[in-house]
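> File follows, target-v7.tsv with TSV, C-alpha atoms and all ligand atoms:
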```
chain	number	residue	atom	x	y	z
A	1	MET	CA	27.73	241.08	10.56
A	2	SER	CA	31.22	242.54	10.13
A	3	LYS	CA	33.27	241.52	7.13
A	4	LEU	CA	35.58	238.51	7.37
A	5	ARG	CA	39.26	239.47	7.55
A	6	ILE	CA	41.20	237.41	5.01
A	7	ALA	CA	44.89	237.01	4.12
A	8	VAL	CA	46.30	235.30	1.05
A	9	ILE	CA	49.63	233.51	1.49
A	10	GLY	CA	51.47	233.03	-1.78
A	11	CYS	CA	50.71	235.61	-4.48
A	12	GLY	CA	51.45	233.60	-7.63
A	13	SER	CA	49.09	232.48	-10.36
A	14	ILE	CA	46.29	230.72	-8.49
A	15	ALA	CA	46.11	233.62	-6.03
A	16	LYS	CA	46.05	236.16	-8.85
A	17	HIS	CA	43.55	234.37	-11.11
A	18	ARG	CA	41.12	232.88	-8.62
A	19	HIS	CA	41.54	233.50	-4.88
A	20	ILE	CA	42.19	237.24	-4.83
A	21	PRO	CA	39.57	238.30	-7.43
A	22	GLU	CA	36.97	235.97	-5.95
A	23	TYR	CA	37.54	237.30	-2.41
A	24	ALA	CA	37.48	240.85	-3.77
A	25	ALA	CA	34.13	240.15	-5.44
A	26	ASN	CA	32.60	238.78	-2.24
A	27	PRO	CA	30.87	241.57	-0.29
A	28	GLU	CA	31.36	239.72	3.02
A	29	VAL	CA	35.16	239.86	2.75
A	30	GLU	CA	37.91	242.33	3.54
A	31	LEU	CA	41.33	241.44	2.11
A	32	VAL	CA	43.66	242.64	4.87
A	33	ALA	CA	47.06	241.06	4.16
A	34	PHE	CA	49.14	239.37	1.49
A	35	CYS	CA	52.34	237.39	1.80
A	36	ASP	CA	54.93	236.29	-0.72
A	37	ILE	CA	58.59	235.45	-0.42
A	38	VAL	CA	59.07	237.77	-3.41
A	39	PRO	CA	58.07	241.04	-1.71
A	40	GLU	CA	56.87	242.88	-4.87
A	41	ARG	CA	54.22	240.23	-5.43
A	42	ALA	CA	52.62	240.78	-2.03
A	43	GLU	CA	53.14	244.56	-2.26
A	44	PHE	CA	51.31	244.70	-5.59
A	45	PHE	CA	48.11	243.25	-4.12
A	46	ALA	CA	48.50	245.09	-0.80
A	47	LYS	CA	48.54	248.36	-2.69
A	48	LYS	CA	45.59	247.37	-4.84
A	49	TYR	CA	43.41	246.37	-1.87
A	50	ASN	CA	44.71	248.79	0.75
A	51	ALA	CA	46.13	245.90	2.77
A	52	THR	CA	49.47	245.01	4.41
A	53	ALA	CA	52.27	243.13	2.65
A	54	TYR	CA	54.49	240.52	4.32
A	55	ASP	CA	57.34	238.39	3.10
A	56	HIS	CA	57.04	235.85	5.91
A	57	TYR	CA	53.81	234.06	6.77
A	58	GLU	CA	54.71	233.68	10.47
A	59	GLU	CA	54.98	237.44	10.85
A	60	LEU	CA	51.66	237.85	9.07
A	61	LEU	CA	49.95	235.32	11.36
A	62	ALA	CA	51.47	236.95	14.45
A	63	LYS	CA	50.55	240.53	13.55
A	64	GLU	CA	47.19	240.31	11.80
A	65	LYS	CA	43.83	239.63	13.40
A	66	LEU	CA	42.33	237.25	10.86
A	67	ASP	CA	39.28	235.09	10.29
A	68	ALA	CA	40.77	232.99	7.50
A	69	ILE	CA	43.62	232.50	5.07
A	70	SER	CA	44.16	231.02	1.63
A	71	VAL	CA	47.27	228.88	1.24
A	72	CYS	CA	48.40	229.40	-2.38
A	73	LEU	CA	51.94	228.11	-1.94
A	74	PRO	CA	54.10	225.36	-3.45
A	75	ASN	CA	52.90	221.94	-2.29
A	76	TYR	CA	55.67	221.30	0.28
A	77	LEU	CA	54.48	224.31	2.31
A	78	HIS	CA	50.77	223.42	2.45
A	79	ALA	CA	50.88	221.39	5.66
A	80	LEU	CA	53.38	223.62	7.48
A	81	VAL	CA	51.47	226.85	6.85
A	82	SER	CA	47.96	225.36	7.21
A	83	ILE	CA	48.84	223.85	10.60
A	84	LYS	CA	50.43	227.10	11.85
A	85	ALA	CA	47.32	229.02	10.77
A	86	ALA	CA	44.95	226.51	12.38
A	87	LYS	CA	46.93	226.80	15.61
A	88	SER	CA	46.39	230.57	15.50
A	89	GLY	CA	42.64	229.95	15.31
A	90	VAL	CA	42.30	230.88	11.64
A	91	HIS	CA	40.14	229.01	9.09
A	92	VAL	CA	42.17	227.59	6.20
A	93	LEU	CA	41.45	227.23	2.50
A	94	CYS	CA	44.42	225.25	1.17
A	95	GLU	CA	45.16	224.59	-2.47
A	96	LYS	CA	45.42	221.07	-3.88
A	97	PRO	CA	47.13	218.65	-3.60
A	98	MET	CA	46.42	219.27	0.08
A	99	ALA	CA	49.82	217.90	1.14
A	100	THR	CA	52.77	215.86	-0.06
A	101	THR	CA	52.08	212.80	2.13
A	102	ALA	CA	49.09	211.23	3.89
A	103	GLU	CA	50.80	211.89	7.24
A	104	GLU	CA	50.97	215.61	6.55
A	105	ALA	CA	47.34	215.64	5.46
A	106	LEU	CA	46.25	213.85	8.63
A	107	ALA	CA	48.17	216.36	10.74
A	108	MET	CA	46.37	219.21	8.95
A	109	ILE	CA	42.97	217.63	9.64
A	110	GLN	CA	43.90	217.07	13.29
A	111	ALA	CA	45.15	220.65	13.75
A	112	ALA	CA	41.91	222.07	12.32
A	113	GLU	CA	39.86	219.82	14.58
A	114	ASP	CA	41.91	220.60	17.70
A	115	HIS	CA	41.68	224.34	17.13
A	116	HIS	CA	38.02	224.39	16.03
A	117	VAL	CA	38.63	225.89	12.61
A	118	PHE	CA	37.56	224.75	9.15
A	119	LEU	CA	39.95	223.26	6.63
A	120	MET	CA	38.81	223.35	3.02
A	121	ILE	CA	40.77	222.13	-0.02
A	122	GLY	CA	40.71	223.90	-3.40
A	123	HIS	CA	39.24	221.01	-5.39
A	124	ASN	CA	37.43	223.40	-7.71
A	125	GLN	CA	36.68	220.81	-10.43
A	126	ARG	CA	33.68	219.72	-8.41
A	127	LEU	CA	32.12	223.14	-8.84
A	128	MET	CA	32.71	223.60	-12.58
A	129	PRO	CA	29.31	223.90	-14.37
A	130	PRO	CA	29.56	220.67	-16.45
A	131	HIS	CA	30.52	218.69	-13.37
A	132	GLN	CA	27.70	220.16	-11.29
A	133	LYS	CA	25.26	219.31	-14.10
A	134	ALA	CA	26.62	215.77	-14.33
A	135	LYS	CA	26.12	215.30	-10.61
A	136	GLU	CA	22.52	216.46	-10.94
A	137	ILE	CA	21.84	214.13	-13.90
A	138	LEU	CA	23.37	211.13	-12.12
A	139	ALA	CA	21.22	211.87	-9.07
A	140	ARG	CA	18.07	211.68	-11.23
A	141	GLY	CA	18.90	208.00	-11.71
A	142	TYR	CA	17.77	207.46	-15.33
A	143	LEU	CA	21.30	206.65	-16.53
A	144	GLY	CA	21.61	203.90	-13.94
A	145	ARG	CA	24.92	202.79	-12.52
A	146	VAL	CA	28.25	204.09	-13.85
A	147	ILE	CA	29.89	200.92	-15.13
A	148	SER	CA	33.03	202.40	-16.63
A	149	PHE	CA	34.63	205.80	-17.24
A	150	ARG	CA	37.54	207.65	-18.69
A	151	THR	CA	38.80	210.97	-17.45
A	152	ALA	CA	41.79	213.07	-18.52
A	153	PHE	CA	43.39	216.36	-17.60
A	154	GLY	CA	46.26	217.60	-19.70
A	155	HIS	CA	47.81	220.84	-20.88
A	156	PRO	CA	51.25	221.86	-22.17
A	157	GLY	CA	52.63	222.27	-18.64
A	158	PRO	CA	53.08	224.84	-15.86
A	159	GLU	CA	55.73	226.88	-17.74
A	160	SER	CA	53.03	229.17	-19.08
A	161	TRP	CA	51.01	229.14	-15.84
A	162	SER	CA	53.32	229.52	-12.83
A	163	VAL	CA	54.48	233.05	-12.02
A	164	ASP	CA	58.04	231.68	-12.18
A	165	GLY	CA	57.63	230.13	-15.65
A	166	LYS	CA	60.28	227.58	-16.60
A	167	ASN	CA	62.02	228.06	-13.25
A	168	SER	CA	58.94	227.12	-11.30
A	169	TRP	CA	58.82	225.01	-8.16
A	170	PHE	CA	56.31	222.82	-10.09
A	171	PHE	CA	59.30	221.06	-11.71
A	172	ARG	CA	61.24	220.33	-8.50
A	173	LYS	CA	60.39	217.21	-6.53
A	174	ASN	CA	61.56	218.63	-3.20
A	175	GLU	CA	58.96	221.42	-3.50
A	176	ALA	CA	56.21	219.82	-5.60
A	177	ALA	CA	56.48	216.16	-4.49
A	178	MET	CA	54.54	215.18	-7.64
A	179	GLY	CA	54.30	216.63	-11.14
A	180	ALA	CA	51.28	216.29	-13.43
A	181	MET	CA	49.75	213.88	-10.91
A	182	GLY	CA	49.72	216.47	-8.12
A	183	ASP	CA	48.78	219.27	-10.48
A	184	LEU	CA	46.09	217.57	-12.58
A	185	GLY	CA	45.68	213.89	-11.64
A	186	VAL	CA	44.51	214.71	-8.13
A	187	HIS	CA	41.77	216.94	-9.59
A	188	LYS	CA	40.37	214.07	-11.61
A	189	ALA	CA	40.74	211.53	-8.81
A	190	ASP	CA	38.68	213.92	-6.70
A	191	LEU	CA	36.14	214.48	-9.49
A	192	ILE	CA	35.54	210.75	-10.01
A	193	ARG	CA	35.07	210.20	-6.28
A	194	TYR	CA	32.65	213.13	-6.19
A	195	LEU	CA	30.59	212.26	-9.28
A	196	LEU	CA	30.32	208.55	-8.57
A	197	GLU	CA	29.84	209.01	-4.81
A	198	ASP	CA	32.25	206.14	-4.53
A	199	GLU	CA	35.80	205.48	-3.35
A	200	VAL	CA	38.73	204.34	-5.44
A	201	VAL	CA	39.99	201.13	-3.87
A	202	GLU	CA	42.62	199.82	-6.27
A	203	VAL	CA	44.86	201.32	-8.94
A	204	GLY	CA	47.49	200.40	-11.49
A	205	ALA	CA	49.52	203.10	-13.20
A	206	PHE	CA	52.34	204.28	-15.41
A	207	VAL	CA	53.60	207.57	-13.98
A	208	GLU	CA	56.53	208.80	-16.04
A	209	ILE	CA	58.81	211.62	-17.12
A	210	LEU	CA	58.38	211.58	-20.91
A	211	ALA	CA	58.25	215.12	-22.21
A	212	LYS	CA	60.12	217.62	-20.03
A	213	ASN	CA	63.81	218.16	-19.50
A	214	ASP	CA	65.28	219.46	-16.25
A	215	THR	CA	62.64	218.01	-13.99
A	216	ASP	CA	62.52	215.19	-11.48
A	217	VAL	CA	58.71	215.03	-11.29
A	218	ASP	CA	56.27	213.09	-13.47
A	219	ASP	CA	54.87	214.82	-16.54
A	220	ASN	CA	52.62	212.05	-17.91
A	221	ALA	CA	50.51	209.38	-16.28
A	222	VAL	CA	47.98	206.81	-17.43
A	223	CYS	CA	46.21	204.96	-14.66
A	224	ILE	CA	43.51	202.34	-14.26
A	225	VAL	CA	41.12	202.53	-11.39
A	226	LYS	CA	38.64	200.28	-9.59
A	227	THR	CA	36.03	201.65	-7.20
A	228	LYS	CA	34.42	200.19	-4.12
A	229	LYS	CA	31.05	199.79	-5.89
A	230	GLY	CA	32.80	198.00	-8.76
A	231	SER	CA	33.18	200.62	-11.53
A	232	ILE	CA	36.40	200.55	-13.53
A	233	GLY	CA	37.99	203.37	-15.50
A	234	THR	CA	41.05	205.21	-16.68
A	235	LEU	CA	42.58	208.47	-15.52
A	236	ALA	CA	45.26	210.33	-17.46
A	237	ALA	CA	47.25	213.39	-16.41
A	238	SER	CA	49.68	215.15	-18.70
A	239	TRP	CA	51.90	218.17	-19.08
A	240	SER	CA	52.40	217.50	-22.78
A	241	TYR	CA	48.90	217.76	-24.29
A	242	GLN	CA	49.43	220.71	-26.60
A	243	LYS	CA	45.70	221.43	-26.52
A	244	GLU	CA	44.12	221.42	-23.07
A	245	ASP	CA	41.82	218.47	-22.35
A	246	ASN	CA	39.75	218.23	-19.18
A	247	SER	CA	37.14	215.76	-20.34
A	248	THR	CA	35.32	212.89	-18.69
A	249	VAL	CA	33.07	210.20	-20.19
A	250	LEU	CA	30.81	208.10	-17.99
A	251	TYR	CA	29.55	204.84	-19.51
A	252	CYS	CA	26.39	204.01	-17.60
A	253	GLU	CA	23.79	201.20	-17.61
A	254	HIS	CA	21.35	203.16	-19.78
A	255	GLY	CA	23.55	205.57	-21.71
A	256	VAL	CA	26.73	207.60	-21.99
A	257	MET	CA	27.42	211.04	-20.50
A	258	LYS	CA	30.18	213.19	-22.04
A	259	LEU	CA	31.58	216.10	-20.05
A	260	ALA	CA	33.67	218.95	-21.46
A	261	GLU	CA	34.20	217.14	-24.76
A	262	ASP	CA	32.12	219.51	-26.88
A	263	PRO	CA	32.98	223.21	-26.51
A	264	PHE	CA	29.36	224.37	-26.86
A	265	ASN	CA	27.31	221.60	-25.25
A	266	GLN	CA	29.51	220.89	-22.28
A	267	VAL	CA	27.29	217.99	-21.17
A	268	ILE	CA	25.90	215.50	-23.70
A	269	VAL	CA	23.83	212.50	-22.68
A	270	GLN	CA	23.30	209.75	-25.27
A	271	LEU	CA	20.57	207.38	-24.16
A	272	ASP	CA	19.98	203.74	-25.10
A	273	ASP	CA	16.77	204.63	-26.97
A	274	GLY	CA	18.77	206.80	-29.41
A	275	SER	CA	17.72	210.12	-27.90
A	276	VAL	CA	20.36	212.73	-27.09
A	277	GLU	CA	20.25	215.49	-24.48
A	278	TYR	CA	22.43	218.57	-24.94
A	279	TYR	CA	23.24	220.93	-22.07
A	280	HIS	CA	24.90	224.28	-22.67
A	281	VAL	CA	25.89	224.99	-19.07
A	282	GLY	CA	29.19	226.89	-19.26
A	283	ALA	CA	32.75	225.73	-19.69
A	284	VAL	CA	35.37	224.30	-17.36
A	285	ALA	CA	38.16	226.79	-16.65
A	286	THR	CA	41.32	226.49	-18.73
A	287	ASN	CA	44.72	228.08	-18.14
A	288	GLU	CA	43.94	230.56	-20.91
A	289	LYS	CA	40.34	231.20	-19.98
A	290	GLN	CA	39.59	231.52	-16.29
A	291	VAL	CA	36.08	231.17	-14.95
A	292	THR	CA	34.99	231.80	-11.38
A	293	SER	CA	35.78	228.70	-9.35
A	294	GLY	CA	33.06	229.12	-6.70
A	295	VAL	CA	35.48	227.75	-4.11
A	296	ILE	CA	35.94	231.06	-2.31
A	297	ASN	CA	32.21	231.75	-2.00
A	298	GLU	CA	31.68	228.27	-0.61
A	299	PHE	CA	34.51	228.77	1.92
A	300	ILE	CA	33.08	232.12	3.07
A	301	HIS	CA	29.58	230.66	3.29
A	302	SER	CA	30.90	227.81	5.47
A	303	ILE	CA	32.54	230.22	7.88
A	304	GLN	CA	29.51	232.46	8.12
A	305	THR	CA	27.05	229.64	8.67
A	306	GLY	CA	29.37	227.55	10.86
A	307	THR	CA	28.92	224.61	8.45
A	308	LYS	CA	31.88	222.35	7.72
A	309	PRO	CA	32.98	222.77	4.06
A	310	SER	CA	31.88	219.88	1.86
A	311	ILE	CA	35.35	219.84	0.22
A	312	SER	CA	36.92	219.10	3.58
A	313	GLY	CA	40.39	218.01	4.62
A	314	GLU	CA	39.09	214.43	4.79
A	315	GLU	CA	37.97	214.68	1.16
A	316	GLY	CA	41.32	216.15	0.15
A	317	LEU	CA	43.12	213.30	1.91
A	318	ARG	CA	41.08	210.60	0.12
A	319	SER	CA	41.84	212.15	-3.27
A	320	LEU	CA	45.52	212.56	-2.33
A	321	ASN	CA	45.67	208.90	-1.31
A	322	VAL	CA	44.47	207.88	-4.79
A	323	VAL	CA	47.35	209.66	-6.54
A	324	LEU	CA	49.89	208.48	-3.96
A	325	ALA	CA	48.74	204.90	-4.66
A	326	MET	CA	49.09	205.52	-8.41
A	327	ILE	CA	52.65	206.74	-7.98
A	328	GLU	CA	53.46	203.73	-5.80
A	329	SER	CA	51.87	201.39	-8.35
A	330	SER	CA	54.08	202.77	-11.09
A	331	LYS	CA	57.20	202.43	-8.95
A	332	LYS	CA	56.45	198.90	-7.80
A	333	LYS	CA	54.96	197.77	-11.12
A	334	THR	CA	51.97	196.21	-9.40
A	335	PHE	CA	48.36	197.05	-8.47
A	336	ILE	CA	48.07	198.97	-5.22
A	337	ALA	CA	45.17	199.08	-2.75
A	338	VAL	CA	44.36	202.71	-1.91
A	339	GLN	CA	44.81	203.59	1.76
A	340	GLU	CA	41.40	204.15	3.42
B	401	LIG	N1	42.84	224.56	-7.83
B	401	LIG	C1	43.46	224.73	-8.98
B	401	LIG	O1	42.86	224.60	-10.05
B	401	LIG	C2	44.91	225.09	-9.00
B	401	LIG	C3	45.48	225.60	-10.17
B	401	LIG	C4	46.84	225.95	-10.15
B	401	LIG	C5	47.58	225.78	-9.00
B	401	LIG	N2	46.99	225.27	-7.88
B	401	LIG	C6	47.77	225.03	-6.66
B	401	LIG	O2	48.04	226.30	-6.04
B	401	LIG	C7	49.32	226.27	-5.39
B	401	LIG	C8	50.14	227.45	-5.89
B	401	LIG	O3	50.31	227.31	-7.28
B	401	LIG	P1	50.50	228.54	-8.27
B	401	LIG	O4	50.06	228.04	-9.59
B	401	LIG	O5	49.90	229.76	-7.73
B	401	LIG	O6	52.10	228.64	-8.24
B	401	LIG	P2	53.01	229.90	-8.62
B	401	LIG	O7	54.37	229.36	-8.90
B	401	LIG	O8	52.38	230.71	-9.70
B	401	LIG	O9	53.01	230.78	-7.30
B	401	LIG	C9	53.55	230.35	-6.07
B	401	LIG	C10	53.89	231.59	-5.25
B	401	LIG	O10	54.31	231.19	-3.93
B	401	LIG	C11	55.37	232.04	-3.54
B	401	LIG	N3	56.15	231.42	-2.46
B	401	LIG	C12	57.01	230.38	-2.54
B	401	LIG	N4	57.51	230.10	-1.33
B	401	LIG	C13	56.97	230.97	-0.45
B	401	LIG	C14	57.08	231.18	0.94
B	401	LIG	N5	57.88	230.44	1.70
B	401	LIG	N6	56.35	232.18	1.50
B	401	LIG	C15	55.55	232.96	0.75
B	401	LIG	N7	55.40	232.82	-0.59
B	401	LIG	C16	56.09	231.82	-1.18
B	401	LIG	C17	56.16	232.24	-4.82
B	401	LIG	O11	57.03	233.36	-4.75
B	401	LIG	C18	55.03	232.42	-5.84
B	401	LIG	O12	54.66	233.78	-5.95
B	401	LIG	C19	49.91	224.90	-5.71
B	401	LIG	O13	49.70	224.02	-4.65
B	401	LIG	C20	49.14	224.41	-6.92
B	401	LIG	O14	49.04	223.02	-7.01
B	401	LIG	C21	45.68	224.93	-7.86
```
When written as structure tokens, how does the structure in this file appear?

Amino acid sequence: MSKLRIAVIGCGSIAKHRHIPEYAANPEVELVAFCDIVPERAEFFAKKYNATAYDHYEELLAKEKLDAISVCLPNYLHALVSIKAAKSGVHVLCEKPMATTAEEALAMIQAAEDHHVFLMIGHNQRLMPPHQKAKEILARGYLGRVISFRTAFGHPGPESWSVDGKNSWFFRKNEAAMGAMGDLGVHKADLIRYLLEDEVVEVGAFVEILAKNDTDVDDNAVCIVKTKKGSIGTLAASWSYQKEDNSTVLYCEHGVMKLAEDPFNQVIVQLDDGSVEYYHVGAVATNEKQVTSGVINEFIHSIQTGTKPSISGEEGLRSLNVVLAMIESSKKKTFIAVQE
């Protein structure tokens, strides 16, 4: 089988740290084009991979014969570019949050369906080793039902992550739509849905600007969550945790499971009978220490086998709807039912 022809649109940090190296490491892939509005960024990778650089995605889509693209752009461009690509018959891997509104997300799903291409969303938390292990342990059933949980994702903020530092689009509402909630909260909303195999049905939240100057997006959120099967829990997202925290604790009928709390044993299960299980499975990625996300390999595998990606547009929409409901809850100062 010939190699899949891939283009990466947006050559900032997520492209540089995860998409581009993971495509380059996949023997089934040929990186043929890169696009960035800052030409040197696309040119850098084009030179490195013997590909073509563009500064406009429409020109790239018109000129290149592609199998798939990665959308690694500011949030407000996700729907626009994903839909254009789907209309050109190209499979799309779009970063999270998949869109800025539910309407945009629905239009992305529809475009992929109409044009018979796959749409996958970069919800890489599902694939992190501790989270994969947790899923496997929950499936074995000995912990019983998850009654309650707490999950948090916080770091000092995108200043040290985004290629544009303090001047990043991450801090501007018209480009980001949401702050820490779109950056980190949506990851944990997605993770809880995935681990519990359940849907969030109702939320209450404080979503605030507490720590950053010169921004009109949220930088801290604390939310409470109720699921369809009746679990309750908390979800926090922050751009002012000086030490990164991406932990989750599941309080189950027959014990407690701690994820990414201990740096060595990334999964710890404490059972009712006093016994403790330790699993050294590998860490979650942090901004300082990147680990392979697995998202790219899964996307390529889906295309090659003609199997719809498990982290589909529909999944991205459900996780987006959770954070949109949290933001609405904070604004209206009331509990909000999550849109189905
Ligand atoms: N899955 C994850 O864990 C994860 C982690 C970080 C970021 N992300 C997501 O990835 C996306 C990109 O974030 P990032 O961290 O790479 O941001 P970044 O600021 O580092 O890079 C964004 C890039 O997009 C380019 N760009 C902006 N407008 C453009 C346009 N019209 N055409 C072409 N290029 C354009 C910028 O010049 C910049 O190089 C965001 O949606 C973000 O939420 C996901």
> When you draw a straight line from atom CA of A:Tyr241 to atom CA of A:Ala337, how long is it in Å?
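These atoms are spaced 28.8 Å apart.
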> So what do you get for atom CA of A:Leu66 versus atom CA of A:Ser2, distance-wise?
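According to the coordinates, atom CA of A:Leu66 and atom CA of A:Ser2 are separated by 12.3 Å.
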> Using all atoms of stretch 16-28 of chain A that appear in the file, construct an axis-aligned enclosing box with 5 Å of padding on every side and provide its centre coordinates and edge lengths in Å, rounded to one decimal, as AutoDock Vina command-line options.

```
--center_x 38.5 --center_y 237.2 --center_z -4.0 --size_x 25.2 --size_y 18.7 --size_z 24.1
```
> For a quick check of understanding, using all atoms listed in the file, which of A:Arg41, A:Lys331, A:Lys84, A:Arg193 has the smallest distance to A:Ile311?
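Among the listed residues, the smallest separation from A:Ile311 belongs to A:Arg193.
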> Considering all atoms listed in the file, state which residue in the set A:Ile232, A:Leu80, A:Met181, A:Ala86 is at the smallest distance from A:Val217.
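Between A:Ile232, A:Leu80, A:Met181, A:Ala86, the residue approaching A:Val217 most closely is A:Met181.
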> Using all atoms listed in the file, can you tell me which of A:Ala237, A:Met326, A:Ala102, A:Cys11 comes closest to A:Leu73?
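Smallest distance to A:Leu73 is found for A:Cys11.
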> Hey, which bits of chain A sit within 7 Å of ligand LIG 401 (chain B), and for each residue what's the closest pair of atoms and how far apart in Å (one decimal), counting all atoms listed in the file, rows by chain and increasing number, as CSV?

```
residue,atom,partner,partner_atom,distance
A:Ile9,CA,B:LIG401,C15,6.0
A:Gly10,CA,B:LIG401,O10,4.0
A:Cys11,CA,B:LIG401,O12,4.6
A:Gly12,CA,B:LIG401,O9,3.2
A:Ser13,CA,B:LIG401,O8,3.8
A:Ile14,CA,B:LIG401,O5,3.8
A:Ala15,CA,B:LIG401,O5,5.7
A:Cys35,CA,B:LIG401,C15,5.6
A:Asp36,CA,B:LIG401,N7,3.5
A:Ile37,CA,B:LIG401,C15,4.1
A:Val38,CA,B:LIG401,O11,5.0
A:Arg41,CA,B:LIG401,O12,6.5
A:Asp55,CA,B:LIG401,C15,6.2
A:His56,CA,B:LIG401,N6,5.8
A:Tyr57,CA,B:LIG401,N6,6.1
A:Cys72,CA,B:LIG401,C8,4.4
A:Leu73,CA,B:LIG401,O10,4.4
A:Pro74,CA,B:LIG401,O13,4.8
A:Asn75,CA,B:LIG401,O13,4.5
A:Glu95,CA,B:LIG401,O2,4.9
A:Lys96,CA,B:LIG401,O14,5.2
A:Pro97,CA,B:LIG401,O14,5.9
A:Gly122,CA,B:LIG401,N1,5.0
A:His123,CA,B:LIG401,N1,5.6
A:Asn124,CA,B:LIG401,N1,5.5
A:Trp161,CA,B:LIG401,O4,6.4
A:Ser162,CA,B:LIG401,O8,3.5
A:Val163,CA,B:LIG401,O8,3.9
A:Asp164,CA,B:LIG401,O7,5.4
A:Ser168,CA,B:LIG401,O7,5.6
A:Trp169,CA,B:LIG401,O7,6.3
A:Phe170,CA,B:LIG401,O7,6.9
A:Gly182,CA,B:LIG401,O14,6.7
A:Asp183,CA,B:LIG401,O14,5.1
```
> Here's a test: counting all atoms listed in the file, identify every protein, DNA and RNA residue with an atom at most 12 Å from (42.2, 212.3, 1.8) in the file's coordinate frame, and state them as a ChimeraX atom specification.
/A:96-109,120-121,123,186,189-190,193,199-200,311-325,338-340
> Which is closer to A:Tyr278 than all the others in A:Ala134, A:Met178, A:Ala25, A:Leu119, using all atoms listed in the file?
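That would be A:Ala134, the residue with the smallest distance to A:Tyr278.
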> Around the point (27.9, 217.7, -21.5) in the file's coordinates, collect all residues with an atom within 10 Å, using all atoms listed in the file, and return them as a PDB file with C-alpha atoms, in the frame of the given file.

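Ended up saving to point-v1.pdb:
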```pdb
ATOM      1  CA  PRO A 129      29.310 223.900 -14.370  1.00  0.00           C
ATOM      2  CA  PRO A 130      29.560 220.670 -16.450  1.00  0.00           C
ATOM      3  CA  HIS A 131      30.520 218.690 -13.370  1.00  0.00           C
ATOM      4  CA  LYS A 133      25.260 219.310 -14.100  1.00  0.00           C
ATOM      5  CA  ALA A 134      26.620 215.770 -14.330  1.00  0.00           C
ATOM      6  CA  SER A 247      37.140 215.760 -20.340  1.00  0.00           C
ATOM      7  CA  THR A 248      35.320 212.890 -18.690  1.00  0.00           C
ATOM      8  CA  VAL A 249      33.070 210.200 -20.190  1.00  0.00           C
ATOM      9  CA  MET A 257      27.420 211.040 -20.500  1.00  0.00           C
ATOM     10  CA  LYS A 258      30.180 213.190 -22.040  1.00  0.00           C
ATOM     11  CA  LEU A 259      31.580 216.100 -20.050  1.00  0.00           C
ATOM     12  CA  ALA A 260      33.670 218.950 -21.460  1.00  0.00           C
ATOM     13  CA  GLU A 261      34.200 217.140 -24.760  1.00  0.00           C
ATOM     14  CA  ASP A 262      32.120 219.510 -26.880  1.00  0.00           C
ATOM     15  CA  PRO A 263      32.980 223.210 -26.510  1.00  0.00           C
ATOM     16  CA  PHE A 264      29.360 224.370 -26.860  1.00  0.00           C
ATOM     17  CA  ASN A 265      27.310 221.600 -25.250  1.00  0.00           C
ATOM     18  CA  GLN A 266      29.510 220.890 -22.280  1.00  0.00           C
ATOM     19  CA  VAL A 267      27.290 217.990 -21.170  1.00  0.00           C
ATOM     20  CA  ILE A 268      25.900 215.500 -23.700  1.00  0.00           C
ATOM     21  CA  VAL A 269      23.830 212.500 -22.680  1.00  0.00           C
ATOM     22  CA  GLN A 270      23.300 209.750 -25.270  1.00  0.00           C
ATOM     23  CA  GLU A 277      20.250 215.490 -24.480  1.00  0.00           C
ATOM     24  CA  TYR A 278      22.430 218.570 -24.940  1.00  0.00           C
ATOM     25  CA  TYR A 279      23.240 220.930 -22.070  1.00  0.00           C
ATOM     26  CA  HIS A 280      24.900 224.280 -22.670  1.00  0.00           C
ATOM     27  CA  VAL A 281      25.890 224.990 -19.070  1.00  0.00           C
ATOM     28  CA  GLY A 282      29.190 226.890 -19.260  1.00  0.00           C
ATOM     29  CA  ALA A 283      32.750 225.730 -19.690  1.00  0.00           C
TER      30      ALA A 283
END
```
> In Å, rounded to a single decimal, give me how far atom CA of A:His115 is from atom CA of A:Glu59.
19.7 Å
> When distances are computed from all atoms listed in the file, which of A:Pro21, A:Pro39, A:Gly144, A:Gly157 shows the smallest separation from A:Val295?
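Nearest to A:Val295: A:Pro21.
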> When you count all atoms listed in the file, which of these residues is closest to A:Gly179: A:Ser148, A:Leu195, A:His17, A:Asp219?
A:Asp219
> Using all atoms listed in the file, which protein or nucleic acid residues come within 8 Å of A:Thr52? Drop anything in the same chain fewer than 3 positions from it, and give the result as a PDB file with C-alpha atoms, in the frame of the given file.

```
ATOM      1  CA  VAL A  32      43.660 242.640   4.870  1.00  0.00           C
ATOM      2  CA  ALA A  33      47.060 241.060   4.160  1.00  0.00           C
ATOM      3  CA  PHE A  34      49.140 239.370   1.490  1.00  0.00           C
ATOM      4  CA  GLU A  43      53.140 244.560  -2.260  1.00  0.00           C
ATOM      5  CA  ALA A  46      48.500 245.090  -0.800  1.00  0.00           C
ATOM      6  CA  LYS A  47      48.540 248.360  -2.690  1.00  0.00           C
TER       7      LYS A  47
END
```
> Taking 3 positions as the minimum chain separation for residues in the same chain, which residues sit within 7 Å of A:Gly294 when counting all atoms listed in the file? Answer as a ChimeraX atom specification.
/A:127,297-298
